[in-house]
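What follows is a short report on a single structure.
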Amino acid sequence: MTTHALSDTSVMLGRSVRHVTRSLDTIITVTIMPIAFLLLFRYVFGGAIETGTDNYVNYLMPGILLIAIASGITYTAYRLFMDLQRGIFERFHSMPIARSSVLWGHVLTSLVSNGISVVVILLSGLVIGFRSSAGPLAWLAVAGILGLFTLALTWVAVIPGLTASTVDGAAAFSYPIVFLPFVSSAFVPTETMPGPVRAFAENQPVTSIVNSIRALLEQQPVGTEIWTALAWCTGILVVAYALAMRAYRRKIG
Amino acid sequence: MISVSGLHKSYSELHVLRGVDFEVTAGSIFALLGSNGAGKTTILRILATLLKPDGGTATVNGFDVVSQPAEVRESISLTGQFAAVDEILTGRENLILIGRLRRVDDPKGTADDLLARFGLAEAAGRRVATYSGGMRRRLDIAMSLIGTPPVIFLDEPTTGLDPEGRIEVWQVIQQLADSGTTVFLTTQYLEEAEKLADRIAILHQGTIIVSGTLAELRELLPPASVEYVERQPTLEEIFLAIVKEQR
Ligand SMILES: Nc1ncnc2c1ncn2[C@@H]1O[C@H](COP(=O)(O)OP(=O)(O)OP(=O)(O)O)[C@@H](O)[C@H]1O
Ligand SMILES: [Mg+2]
């Protein structure tokens, strides 16, 4: 059964990755907004923002990547919603396959497509001055955090994908998530914010994730913040997975 | 091969199935008739393990749909009422996908055979999004034949097909039955049931009100002796008369 689950999941992954590569415009749609923000903050607001670093693009990069992932996971909700609408979801469920492969195929595809988006944005960043002296191990840690963040948010996206009654509904959930980095340490130091806003900014998941990635890329000590970041990601993952599975069981009756 | 007894199913207030009983013997073609909303699709979804019944039992190929769903799924293939195909993949890729999931030995060869058999060879490399409704339907049925399961469920398989396509599908269904596959189909075309089915059942107001061979159903009505030329009533007349009687 487990070998079936693995091979079925890889067939499902192949199918869904093909959906991504057949509509490369989705990658462009996902990356264009973060790149626009990168340019906007670098060339328009950047001059007036005092972060205490000499390379503001480096400072921006972690938050920009999180925004890209937060908007990228919308496509998982969309693809899942379409599978349900088109009846292919039911076809798979009437077949002798590992049922877990139906959702995992979409989830793993999200890791692949968001991975591509992250690489595209990093390459664009290089053009406007992003530099990092981080070694392979630090990059691996960055990839790990981003991967875990993507996985957690993708399971969040599975919930509306399964329960939404319209396409717009399936996509709308991501707007607040995309907004979170703006009220965090992603673009400006939290010390400049007024009391309650600062309290929120410093205690929401994005700040710890941004600070950890920033430290890794700048080869600074990460301190305890990385544990806060990992705890947030793991916590979101566990809760979202549980809720998604509940929605799934409801769906398949 | 399929055995259903005392099947009940409600959607909140709506009591759709109120004790459905029937048997389908191996290698036969069984047609389920009923008006729109009678519950045909509901029965099919229960038999295909997509929906749990509220009461009663149903077995397919000797396996209980509630307690042995995995074994039931090994035994069946479902073509739903609305074509369930992947729009972004090509026709050939759709067939290969199902072939891989069903672990057939040669998914590509199987796909090419089916494409030829269903007159889709020319469109094989095109995305399904560009297919006509009838082409999708044929692809949908072709996808269900992969892996040669012993039982095939077809929910209104010929709805939306042109007369030629319909005859092609009829031939496929007849071939399936000849090769020993049990076929369970629903249809709105009574002519279809008349032509294909070994046994026919009519679902009305939650139960099977009549079932039998076409000849048995004909006996329910007297031959139309008042007419100058004596003729057998068509299945359509039988159907309408029985449904009306029950109202
Ligand atoms: N998921 C659902 N929730 C609520 N009601 C439903 C649901 N599915 C079906 N129904 C209702 O149950 C009844 C039977 O539906 P079903 O689809 O089984 O009928 P059918 O015989 O296949 O009809 P048709 O010939 O139109 O395909 C209908 O009144 C339908 O509105
Ligand atoms: Mg129906």
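In the structure tokens, the first chain shown is A, the next is B, and so on; residue numbers restart at 1 for each chain, and ligands run from 1 in the order shown.
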
Hey, which residues sit close to ligand 2? Say within 10 Å, counting only C-alpha atoms and all ligand atoms, and write them as a list in words.
Gly34, Ser35, Asn36, Gly37, Ala38, Gly39, Lys40, Thr41, Thr42, Ile43, Leu44, Arg45, Gly80, Gln81, Phe82, Asp155, Glu156, Thr186, Thr187 and Gln188 of chain B

May I have the residues from that selection written out with N, CA and C atoms, as an mmCIF file, in the first residue's frame?
```
data_model
loop_
_atom_site.group_PDB
_atom_site.id
_atom_site.type_symbol
_atom_site.label_atom_id
_atom_site.label_comp_id
_atom_site.auth_asym_id
_atom_site.auth_seq_id
_atom_site.Cartn_x
_atom_site.Cartn_y
_atom_site.Cartn_z
ATOM 1 N N GLY B 34 -35.298 6.152 -15.084
ATOM 2 C CA GLY B 34 -35.975 6.973 -14.093
ATOM 3 C C GLY B 34 -35.975 8.409 -14.543
ATOM 4 N N SER B 35 -36.968 9.171 -14.063
ATOM 5 C CA SER B 35 -37.065 10.576 -14.463
ATOM 6 C C SER B 35 -35.888 11.362 -13.882
ATOM 7 N N ASN B 36 -35.758 12.597 -14.318
ATOM 8 C CA ASN B 36 -34.732 13.474 -13.755
ATOM 9 C C ASN B 36 -34.955 13.590 -12.257
ATOM 10 N N GLY B 37 -33.876 13.435 -11.514
ATOM 11 C CA GLY B 37 -33.983 13.590 -10.067
ATOM 12 C C GLY B 37 -34.506 12.359 -9.352
ATOM 13 N N ALA B 38 -34.692 11.248 -10.079
ATOM 14 C CA ALA B 38 -35.215 10.037 -9.455
ATOM 15 C C ALA B 38 -34.204 9.428 -8.476
ATOM 16 N N GLY B 39 -32.918 9.641 -8.741
ATOM 17 C CA GLY B 39 -31.898 9.095 -7.843
ATOM 18 C C GLY B 39 -30.962 8.100 -8.514
ATOM 19 N N LYS B 40 -30.936 8.091 -9.833
ATOM 20 C CA LYS B 40 -30.072 7.155 -10.559
ATOM 21 C C LYS B 40 -28.599 7.414 -10.248
ATOM 22 N N THR B 41 -28.208 8.676 -10.370
ATOM 23 C CA THR B 41 -26.808 9.013 -10.101
ATOM 24 C C THR B 41 -26.456 8.708 -8.649
ATOM 25 N N THR B 42 -27.411 8.938 -7.756
ATOM 26 C CA THR B 42 -27.178 8.646 -6.343
ATOM 27 C C THR B 42 -26.852 7.162 -6.145
ATOM 28 N N ILE B 43 -27.614 6.291 -6.788
ATOM 29 C CA ILE B 43 -27.345 4.846 -6.679
ATOM 30 C C ILE B 43 -25.953 4.525 -7.211
ATOM 31 N N LEU B 44 -25.632 5.093 -8.348
ATOM 32 C CA LEU B 44 -24.330 4.832 -8.961
ATOM 33 C C LEU B 44 -23.181 5.304 -8.073
ATOM 34 N N ARG B 45 -23.361 6.454 -7.452
ATOM 35 C CA ARG B 45 -22.296 6.981 -6.597
ATOM 36 C C ARG B 45 -22.131 6.118 -5.349
ATOM 37 N N GLY B 80 -18.901 8.928 -15.017
ATOM 38 C CA GLY B 80 -19.938 9.742 -14.383
ATOM 39 C C GLY B 80 -20.832 10.416 -15.409
ATOM 40 N N GLN B 81 -21.856 11.102 -14.883
ATOM 41 C CA GLN B 81 -22.824 11.747 -15.770
ATOM 42 C C GLN B 81 -22.189 12.866 -16.583
ATOM 43 N N PHE B 82 -21.195 13.542 -15.990
ATOM 44 C CA PHE B 82 -20.525 14.628 -16.694
ATOM 45 C C PHE B 82 -19.076 14.228 -16.908
ATOM 46 N N ASP B 155 -23.008 6.353 -16.378
ATOM 47 C CA ASP B 155 -24.138 7.229 -16.055
ATOM 48 C C ASP B 155 -24.475 8.061 -17.292
ATOM 49 N N GLU B 156 -25.560 7.714 -17.944
ATOM 50 C CA GLU B 156 -25.987 8.373 -19.184
ATOM 51 C C GLU B 156 -24.838 8.487 -20.185
ATOM 52 N N THR B 186 -27.231 3.911 -16.804
ATOM 53 C CA THR B 186 -28.477 4.658 -16.679
ATOM 54 C C THR B 186 -28.667 5.368 -18.009
ATOM 55 N N THR B 187 -29.877 5.645 -18.340
ATOM 56 C CA THR B 187 -30.094 6.336 -19.612
ATOM 57 C C THR B 187 -31.439 7.040 -19.612
ATOM 58 N N GLN B 188 -31.513 8.069 -20.439
ATOM 59 C CA GLN B 188 -32.780 8.751 -20.680
ATOM 60 C C GLN B 188 -33.358 8.285 -22.019
#
```

Would you give me, as a Markdown table, each residue of chain B having an atom within 6 Å of an atom of chain A, along with its shortest atom pair and that distance in Å to one decimal, using only C-alpha atoms and sorting by chain and residue number?
```
| residue | atom | partner | partner_atom | distance |
| --- | --- | --- | --- | --- |
| B:Ala48 | CA | A:Ser94 | CA | 5.8 |
| B:Leu51 | CA | A:Gly253 | CA | 5.9 |
| B:Arg73 | CA | A:Pro96 | CA | 5.0 |
| B:Glu74 | CA | A:Pro96 | CA | 5.1 |
| B:Ala84 | CA | A:Ile88 | CA | 4.6 |
| B:Val85 | CA | A:Ile88 | CA | 5.9 |
```

All alpha helix (DSSP H) positions in range 118-198 of chain B, as a PyMOL selection string:
chain B and resi 133-145+163-178+190-196

Could you dump the residues just selected with N, CA, C and O atoms as a short mmCIF file (atom, residue, chain, number, x, y, z; two decimals), in the first residue's frame?
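Result file again_31.cif:
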```cif
data_model
loop_
_atom_site.label_atom_id
_atom_site.label_comp_id
_atom_site.auth_asym_id
_atom_site.auth_seq_id
_atom_site.Cartn_x
_atom_site.Cartn_y
_atom_site.Cartn_z
N GLY B 133 -17.96 18.40 -27.08
CA GLY B 133 -18.62 17.64 -26.01
C GLY B 133 -18.61 16.14 -26.27
O GLY B 133 -18.34 15.34 -25.38
N GLY B 134 -18.91 15.77 -27.52
CA GLY B 134 -18.96 14.35 -27.86
C GLY B 134 -17.59 13.69 -27.78
O GLY B 134 -17.46 12.55 -27.34
N MET B 135 -16.55 14.44 -28.17
CA MET B 135 -15.19 13.90 -28.10
C MET B 135 -14.78 13.67 -26.65
O MET B 135 -14.17 12.66 -26.31
N ARG B 136 -15.15 14.61 -25.79
CA ARG B 136 -14.85 14.46 -24.36
C ARG B 136 -15.52 13.22 -23.80
O ARG B 136 -14.95 12.48 -23.01
N ARG B 137 -16.77 13.05 -24.22
CA ARG B 137 -17.55 11.92 -23.73
C ARG B 137 -16.90 10.60 -24.15
O ARG B 137 -16.80 9.67 -23.36
N ARG B 138 -16.45 10.56 -25.39
CA ARG B 138 -15.81 9.33 -25.86
C ARG B 138 -14.50 9.07 -25.12
O ARG B 138 -14.19 7.95 -24.75
N LEU B 139 -13.74 10.15 -24.90
CA LEU B 139 -12.49 10.01 -24.14
C LEU B 139 -12.79 9.51 -22.72
O LEU B 139 -12.12 8.63 -22.18
N ASP B 140 -13.84 10.09 -22.15
CA ASP B 140 -14.27 9.74 -20.80
C ASP B 140 -14.57 8.24 -20.70
O ASP B 140 -14.13 7.56 -19.77
N ILE B 141 -15.31 7.73 -21.69
CA ILE B 141 -15.65 6.30 -21.68
C ILE B 141 -14.38 5.48 -21.91
O ILE B 141 -14.15 4.48 -21.22
N ALA B 142 -13.54 5.93 -22.83
CA ALA B 142 -12.29 5.21 -23.09
C ALA B 142 -11.46 5.09 -21.81
O ALA B 142 -10.88 4.05 -21.52
N MET B 143 -11.41 6.18 -21.03
CA MET B 143 -10.65 6.17 -19.78
C MET B 143 -11.18 5.11 -18.82
O MET B 143 -10.43 4.54 -18.03
N SER B 144 -12.48 4.85 -18.89
CA SER B 144 -13.08 3.88 -17.98
C SER B 144 -12.77 2.44 -18.37
O SER B 144 -12.96 1.53 -17.57
N LEU B 145 -12.35 2.23 -19.61
CA LEU B 145 -12.11 0.85 -20.04
C LEU B 145 -10.72 0.36 -19.67
O LEU B 145 -10.44 -0.83 -19.72
N PRO B 163 -25.80 10.61 -33.40
CA PRO B 163 -26.27 9.24 -33.64
C PRO B 163 -25.14 8.26 -33.93
O PRO B 163 -25.14 7.14 -33.44
N GLU B 164 -24.16 8.72 -34.71
CA GLU B 164 -23.03 7.84 -35.02
C GLU B 164 -22.24 7.47 -33.76
O GLU B 164 -21.93 6.31 -33.53
N GLY B 165 -21.94 8.51 -32.99
CA GLY B 165 -21.19 8.30 -31.75
C GLY B 165 -21.94 7.38 -30.82
O GLY B 165 -21.35 6.54 -30.14
N ARG B 166 -23.27 7.55 -30.80
CA ARG B 166 -24.10 6.72 -29.94
C ARG B 166 -23.99 5.25 -30.37
O ARG B 166 -23.81 4.37 -29.52
N ILE B 167 -24.06 5.02 -31.67
CA ILE B 167 -23.97 3.64 -32.15
C ILE B 167 -22.59 3.04 -31.83
O ILE B 167 -22.49 1.90 -31.38
N GLU B 168 -21.55 3.87 -31.97
CA GLU B 168 -20.20 3.40 -31.60
C GLU B 168 -20.16 2.97 -30.14
O GLU B 168 -19.64 1.91 -29.81
N VAL B 169 -20.73 3.81 -29.27
CA VAL B 169 -20.71 3.49 -27.84
C VAL B 169 -21.53 2.24 -27.57
O VAL B 169 -21.14 1.39 -26.77
N TRP B 170 -22.65 2.11 -28.26
CA TRP B 170 -23.47 0.90 -28.10
C TRP B 170 -22.66 -0.34 -28.45
O TRP B 170 -22.72 -1.36 -27.77
N GLN B 171 -21.89 -0.22 -29.54
CA GLN B 171 -21.07 -1.37 -29.94
C GLN B 171 -20.04 -1.70 -28.86
O GLN B 171 -19.82 -2.86 -28.53
N VAL B 172 -19.42 -0.64 -28.33
CA VAL B 172 -18.43 -0.87 -27.27
C VAL B 172 -19.07 -1.56 -26.08
O VAL B 172 -18.52 -2.53 -25.53
N ILE B 173 -20.25 -1.09 -25.69
CA ILE B 173 -20.94 -1.68 -24.53
C ILE B 173 -21.27 -3.14 -24.80
O ILE B 173 -21.05 -4.01 -23.95
N GLN B 174 -21.75 -3.42 -26.03
CA GLN B 174 -22.08 -4.80 -26.38
C GLN B 174 -20.84 -5.69 -26.36
O GLN B 174 -20.87 -6.80 -25.82
N GLN B 175 -19.73 -5.15 -26.87
CA GLN B 175 -18.47 -5.91 -26.85
C GLN B 175 -18.03 -6.21 -25.42
O GLN B 175 -17.55 -7.30 -25.12
N LEU B 176 -18.19 -5.21 -24.55
CA LEU B 176 -17.81 -5.40 -23.15
C LEU B 176 -18.58 -6.56 -22.54
O LEU B 176 -18.01 -7.44 -21.90
N ALA B 177 -19.89 -6.54 -22.77
CA ALA B 177 -20.73 -7.59 -22.20
C ALA B 177 -20.38 -8.95 -22.80
O ALA B 177 -20.29 -9.95 -22.10
N ASP B 178 -20.11 -8.95 -24.11
CA ASP B 178 -19.74 -10.21 -24.76
C ASP B 178 -18.45 -10.78 -24.19
O ASP B 178 -18.27 -11.99 -24.12
N LEU B 190 -34.80 5.57 -24.02
CA LEU B 190 -35.40 4.27 -23.76
C LEU B 190 -35.07 3.28 -24.87
O LEU B 190 -34.95 2.10 -24.65
N GLU B 191 -34.85 3.83 -26.04
CA GLU B 191 -34.45 3.00 -27.17
C GLU B 191 -33.11 2.30 -26.85
O GLU B 191 -32.88 1.15 -27.22
N GLU B 192 -32.26 3.04 -26.14
CA GLU B 192 -30.96 2.52 -25.77
C GLU B 192 -31.11 1.29 -24.86
O GLU B 192 -30.47 0.26 -25.07
N ALA B 193 -31.97 1.44 -23.87
CA ALA B 193 -32.22 0.33 -22.94
C ALA B 193 -32.82 -0.85 -23.72
O ALA B 193 -32.45 -2.00 -23.51
N GLU B 194 -33.74 -0.51 -24.61
CA GLU B 194 -34.42 -1.54 -25.38
C GLU B 194 -33.42 -2.34 -26.21
O GLU B 194 -33.48 -3.56 -26.30
N LYS B 195 -32.48 -1.64 -26.84
CA LYS B 195 -31.51 -2.27 -27.72
C LYS B 195 -30.47 -3.09 -26.97
O LYS B 195 -30.08 -4.16 -27.40
N LEU B 196 -29.98 -2.50 -25.84
CA LEU B 196 -28.79 -3.06 -25.21
C LEU B 196 -29.06 -3.98 -24.03
O LEU B 196 -28.37 -4.98 -23.83
#
```

Need to verify the contact set: range 138-149 of chain A, 10 Å, only C-alpha atoms, exclusion of same-chain residues closer than 2 positions in sequence. Can you return it as a PDB file with N, CA and C atoms, in the first residue's frame?
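After the write, selection_9.pdb holds the following:
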```pdb
ATOM      1  N   PRO A  62      13.994  38.680   1.945  1.00  0.00           N
ATOM      2  CA  PRO A  62      13.207  37.632   2.622  1.00  0.00           C
ATOM      3  C   PRO A  62      11.699  37.909   2.590  1.00  0.00           C
ATOM      4  N   LEU A  65      10.191  37.287  -0.824  1.00  0.00           N
ATOM      5  CA  LEU A  65      10.018  35.860  -1.115  1.00  0.00           C
ATOM      6  C   LEU A  65       8.765  35.311  -0.426  1.00  0.00           C
ATOM      7  N   LEU A  66       8.517  35.776   0.808  1.00  0.00           N
ATOM      8  CA  LEU A  66       7.329  35.300   1.520  1.00  0.00           C
ATOM      9  C   LEU A  66       6.046  35.773   0.831  1.00  0.00           C
ATOM     10  N   ILE A  69       5.425  33.520  -2.101  1.00  0.00           N
ATOM     11  CA  ILE A  69       4.893  32.207  -1.720  1.00  0.00           C
ATOM     12  C   ILE A  69       3.427  32.334  -1.297  1.00  0.00           C
ATOM     13  N   ALA A  70       3.129  33.391  -0.533  1.00  0.00           N
ATOM     14  CA  ALA A  70       1.751  33.566  -0.066  1.00  0.00           C
ATOM     15  C   ALA A  70       0.780  33.738  -1.227  1.00  0.00           C
ATOM     16  N   SER A 110       2.867  22.361  -5.431  1.00  0.00           N
ATOM     17  CA  SER A 110       3.008  23.703  -4.879  1.00  0.00           C
ATOM     18  C   SER A 110       4.458  23.956  -4.473  1.00  0.00           C
ATOM     19  N   LEU A 111       5.097  22.955  -3.884  1.00  0.00           N
ATOM     20  CA  LEU A 111       6.511  23.109  -3.511  1.00  0.00           C
ATOM     21  C   LEU A 111       7.361  23.347  -4.766  1.00  0.00           C
ATOM     22  N   VAL A 112       7.072  22.598  -5.826  1.00  0.00           N
ATOM     23  CA  VAL A 112       7.839  22.748  -7.065  1.00  0.00           C
ATOM     24  C   VAL A 112       7.633  24.142  -7.659  1.00  0.00           C
ATOM     25  N   ASN A 114       6.387  26.941  -6.361  1.00  0.00           N
ATOM     26  CA  ASN A 114       6.882  28.049  -5.541  1.00  0.00           C
ATOM     27  C   ASN A 114       8.406  28.080  -5.510  1.00  0.00           C
ATOM     28  N   GLY A 115       9.022  26.888  -5.600  1.00  0.00           N
ATOM     29  CA  GLY A 115      10.478  26.833  -5.700  1.00  0.00           C
ATOM     30  C   GLY A 115      10.956  27.575  -6.946  1.00  0.00           C
ATOM     31  N   VAL A 118      10.612  31.338  -6.416  1.00  0.00           N
ATOM     32  CA  VAL A 118      11.655  31.866  -5.537  1.00  0.00           C
ATOM     33  C   VAL A 118      12.958  32.058  -6.315  1.00  0.00           C
ATOM     34  N   SER A 132      24.647  37.934  -1.547  1.00  0.00           N
ATOM     35  CA  SER A 132      24.764  37.228  -0.282  1.00  0.00           C
ATOM     36  C   SER A 132      26.051  36.425  -0.282  1.00  0.00           C
ATOM     37  N   SER A 133      26.722  36.451   0.863  1.00  0.00           N
ATOM     38  CA  SER A 133      27.963  35.688   0.966  1.00  0.00           C
ATOM     39  C   SER A 133      27.716  34.363   1.679  1.00  0.00           C
ATOM     40  N   ALA A 134      26.435  34.043   1.878  1.00  0.00           N
ATOM     41  CA  ALA A 134      26.091  32.839   2.631  1.00  0.00           C
ATOM     42  C   ALA A 134      26.632  31.584   1.946  1.00  0.00           C
ATOM     43  N   GLY A 135      27.087  30.632   2.764  1.00  0.00           N
ATOM     44  CA  GLY A 135      27.603  29.372   2.236  1.00  0.00           C
ATOM     45  C   GLY A 135      26.474  28.389   1.957  1.00  0.00           C
ATOM     46  N   PRO A 136      26.838  27.230   1.406  1.00  0.00           N
ATOM     47  CA  PRO A 136      25.818  26.233   1.035  1.00  0.00           C
ATOM     48  C   PRO A 136      24.929  25.830   2.207  1.00  0.00           C
ATOM     49  N   LEU A 151       4.972  24.606   2.578  1.00  0.00           N
ATOM     50  CA  LEU A 151       4.187  23.424   2.906  1.00  0.00           C
ATOM     51  C   LEU A 151       3.025  23.791   3.834  1.00  0.00           C
ATOM     52  N   ALA A 152       3.340  24.597   4.856  1.00  0.00           N
ATOM     53  CA  ALA A 152       2.305  24.988   5.825  1.00  0.00           C
ATOM     54  C   ALA A 152       1.201  25.777   5.125  1.00  0.00           C
ATOM     55  N   LEU A 153       1.597  26.795   4.323  1.00  0.00           N
ATOM     56  CA  LEU A 153       0.588  27.623   3.654  1.00  0.00           C
ATOM     57  C   LEU A 153      -0.173  26.832   2.591  1.00  0.00           C
ATOM     58  N   THR A 154       0.481  25.860   1.966  1.00  0.00           N
ATOM     59  CA  THR A 154      -0.214  25.060   0.958  1.00  0.00           C
ATOM     60  C   THR A 154      -1.343  24.262   1.608  1.00  0.00           C
ATOM     61  N   PRO A 205       3.981  35.559  12.744  1.00  0.00           N
ATOM     62  CA  PRO A 205       4.968  34.612  12.214  1.00  0.00           C
ATOM     63  C   PRO A 205       5.969  35.212  11.228  1.00  0.00           C
ATOM     64  N   VAL A 206       5.520  36.166  10.394  1.00  0.00           N
ATOM     65  CA  VAL A 206       6.394  36.629   9.319  1.00  0.00           C
ATOM     66  C   VAL A 206       7.688  37.246   9.842  1.00  0.00           C
ATOM     67  N   ILE A 209      10.309  34.712  10.762  1.00  0.00           N
ATOM     68  CA  ILE A 209      10.801  34.023   9.562  1.00  0.00           C
ATOM     69  C   ILE A 209      11.726  34.941   8.766  1.00  0.00           C
ATOM     70  N   VAL A 210      11.266  36.203   8.583  1.00  0.00           N
ATOM     71  CA  VAL A 210      12.068  37.179   7.840  1.00  0.00           C
ATOM     72  C   VAL A 210      13.419  37.393   8.528  1.00  0.00           C
ATOM     73  N   SER A 212      15.058  35.461  10.557  1.00  0.00           N
ATOM     74  CA  SER A 212      15.922  34.281  10.475  1.00  0.00           C
ATOM     75  C   SER A 212      16.577  34.168   9.109  1.00  0.00           C
ATOM     76  N   ILE A 213      15.766  34.352   8.056  1.00  0.00           N
ATOM     77  CA  ILE A 213      16.324  34.234   6.703  1.00  0.00           C
ATOM     78  C   ILE A 213      17.357  35.332   6.458  1.00  0.00           C
ATOM     79  N   ARG A 214      17.013  36.543   6.943  1.00  0.00           N
ATOM     80  CA  ARG A 214      17.915  37.681   6.759  1.00  0.00           C
ATOM     81  C   ARG A 214      19.258  37.384   7.429  1.00  0.00           C
ATOM     82  N   ALA A 215      19.189  36.861   8.650  1.00  0.00           N
ATOM     83  CA  ALA A 215      20.420  36.559   9.385  1.00  0.00           C
ATOM     84  C   ALA A 215      21.236  35.494   8.658  1.00  0.00           C
ATOM     85  N   LEU A 216      20.547  34.467   8.156  1.00  0.00           N
ATOM     86  CA  LEU A 216      21.267  33.394   7.449  1.00  0.00           C
ATOM     87  C   LEU A 216      21.955  33.934   6.200  1.00  0.00           C
ATOM     88  N   LEU A 217      21.238  34.803   5.442  1.00  0.00           N
ATOM     89  CA  LEU A 217      21.813  35.324   4.201  1.00  0.00           C
ATOM     90  C   LEU A 217      22.961  36.293   4.477  1.00  0.00           C
ATOM     91  N   GLU A 218      22.879  37.011   5.612  1.00  0.00           N
ATOM     92  CA  GLU A 218      23.907  37.988   5.958  1.00  0.00           C
ATOM     93  C   GLU A 218      25.024  37.348   6.779  1.00  0.00           C
ATOM     94  N   GLN A 219      24.928  36.045   7.006  1.00  0.00           N
ATOM     95  CA  GLN A 219      25.900  35.327   7.818  1.00  0.00           C
ATOM     96  C   GLN A 219      26.024  35.905   9.224  1.00  0.00           C
ATOM     97  N   ILE A 226      15.113  31.694  15.099  1.00  0.00           N
ATOM     98  CA  ILE A 226      14.849  30.632  14.123  1.00  0.00           C
ATOM     99  C   ILE A 226      13.922  29.573  14.713  1.00  0.00           C
ATOM    100  N   ALA A 229      10.504  30.887  14.448  1.00  0.00           N
ATOM    101  CA  ALA A 229      10.062  30.757  13.052  1.00  0.00           C
ATOM    102  C   ALA A 229       9.627  29.325  12.748  1.00  0.00           C
ATOM    103  N   LEU A 230      10.459  28.362  13.165  1.00  0.00           N
ATOM    104  CA  LEU A 230      10.133  26.968  12.890  1.00  0.00           C
ATOM    105  C   LEU A 230       8.878  26.541  13.650  1.00  0.00           C
ATOM    106  N   TRP A 232       6.356  28.476  14.487  1.00  0.00           N
ATOM    107  CA  TRP A 232       5.201  29.036  13.763  1.00  0.00           C
ATOM    108  C   TRP A 232       4.844  28.169  12.560  1.00  0.00           C
ATOM    109  N   CYS A 233       5.854  27.868  11.746  1.00  0.00           N
ATOM    110  CA  CYS A 233       5.594  27.096  10.517  1.00  0.00           C
ATOM    111  C   CYS A 233       5.018  25.727  10.855  1.00  0.00           C
ATOM    112  N   THR A 234       5.640  25.059  11.832  1.00  0.00           N
ATOM    113  CA  THR A 234       5.166  23.727  12.192  1.00  0.00           C
ATOM    114  C   THR A 234       3.751  23.795  12.752  1.00  0.00           C
ATOM    115  N   ILE A 236       1.402  26.080  12.188  1.00  0.00           N
ATOM    116  CA  ILE A 236       0.444  26.348  11.102  1.00  0.00           C
ATOM    117  C   ILE A 236       0.230  25.073  10.293  1.00  0.00           C
ATOM    118  N   LEU A 237       1.331  24.366  10.017  1.00  0.00           N
ATOM    119  CA  LEU A 237       1.252  23.139   9.230  1.00  0.00           C
ATOM    120  C   LEU A 237       0.334  22.116   9.895  1.00  0.00           C
TER     121      LEU A 237
END
```

Atom pair CA of Met61 in chain A + CA of Ala201 in chain A, distance 17.7 Å

Distance in Å - CA of Ile159 in chain A versus CA of Thr76 in chain A
10.1 Å

Could you check the closest approach to ligand 1 for each of B:Val128, B:Ile202, B:Leu89, B:Ile152 and tell me which residue wins, using only C-alpha atoms and all ligand atoms?
B:Ile202

So, counting only C-alpha atoms and all ligand atoms, which residue among B:Leu185, B:Ala124, B:Val72, B:Leu221 is closest to ligand 1?
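Closest to ligand 1, using only C-alpha atoms and all ligand atoms: B:Leu185.
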
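You can rank A:Asp168, A:Gly125, A:Arg250, A:Pro221 by their closest distance to ligand 1 using only C-alpha atoms and all ligand atoms, and at the top of that list sits A:Arg250.
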
Could you give me, as a list of chain:residue names, the residues within 10 Å of Tyr11 in chain B, counting only C-alpha atoms and dropping anything in the same chain fewer than 5 positions from it?
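Once the nearby chain positions are removed, what remains is B:Val16, B:Leu17, B:Asp54.
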
Set the distance at 9 Å and use only C-alpha atoms: which residues neighbour Val24 in chain B once local chain neighbours fewer than 5 positions away are removed? I'd like the list as an NGL selection string.
:B and (1-4 or 29-30 or 182-184 or 199)

Hey, can you check how far CA of Tyr241 in chain A sits from CA of Ala157 in chain A?
10.0 Å

Nearest candidate to ligand 1 (options B:Gly212, B:Ser10, B:Gly125, B:Pro233; using only C-alpha atoms and all ligand atoms):
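So, comparing all the options, the nearest one is B:Ser10.
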
Name all residues at most 6 Å from Gly6 in chain B (count only C-alpha atoms; drop same-chain ones fewer than 3 positions away) and give them as an MDAnalysis selection string.
chainID B and resid 19:21 56

Between A:Thr51, A:Thr163, A:Thr192, A:Asn203, smallest distance to Ala244 in chain A by only C-alpha atoms belongs to A:Thr163
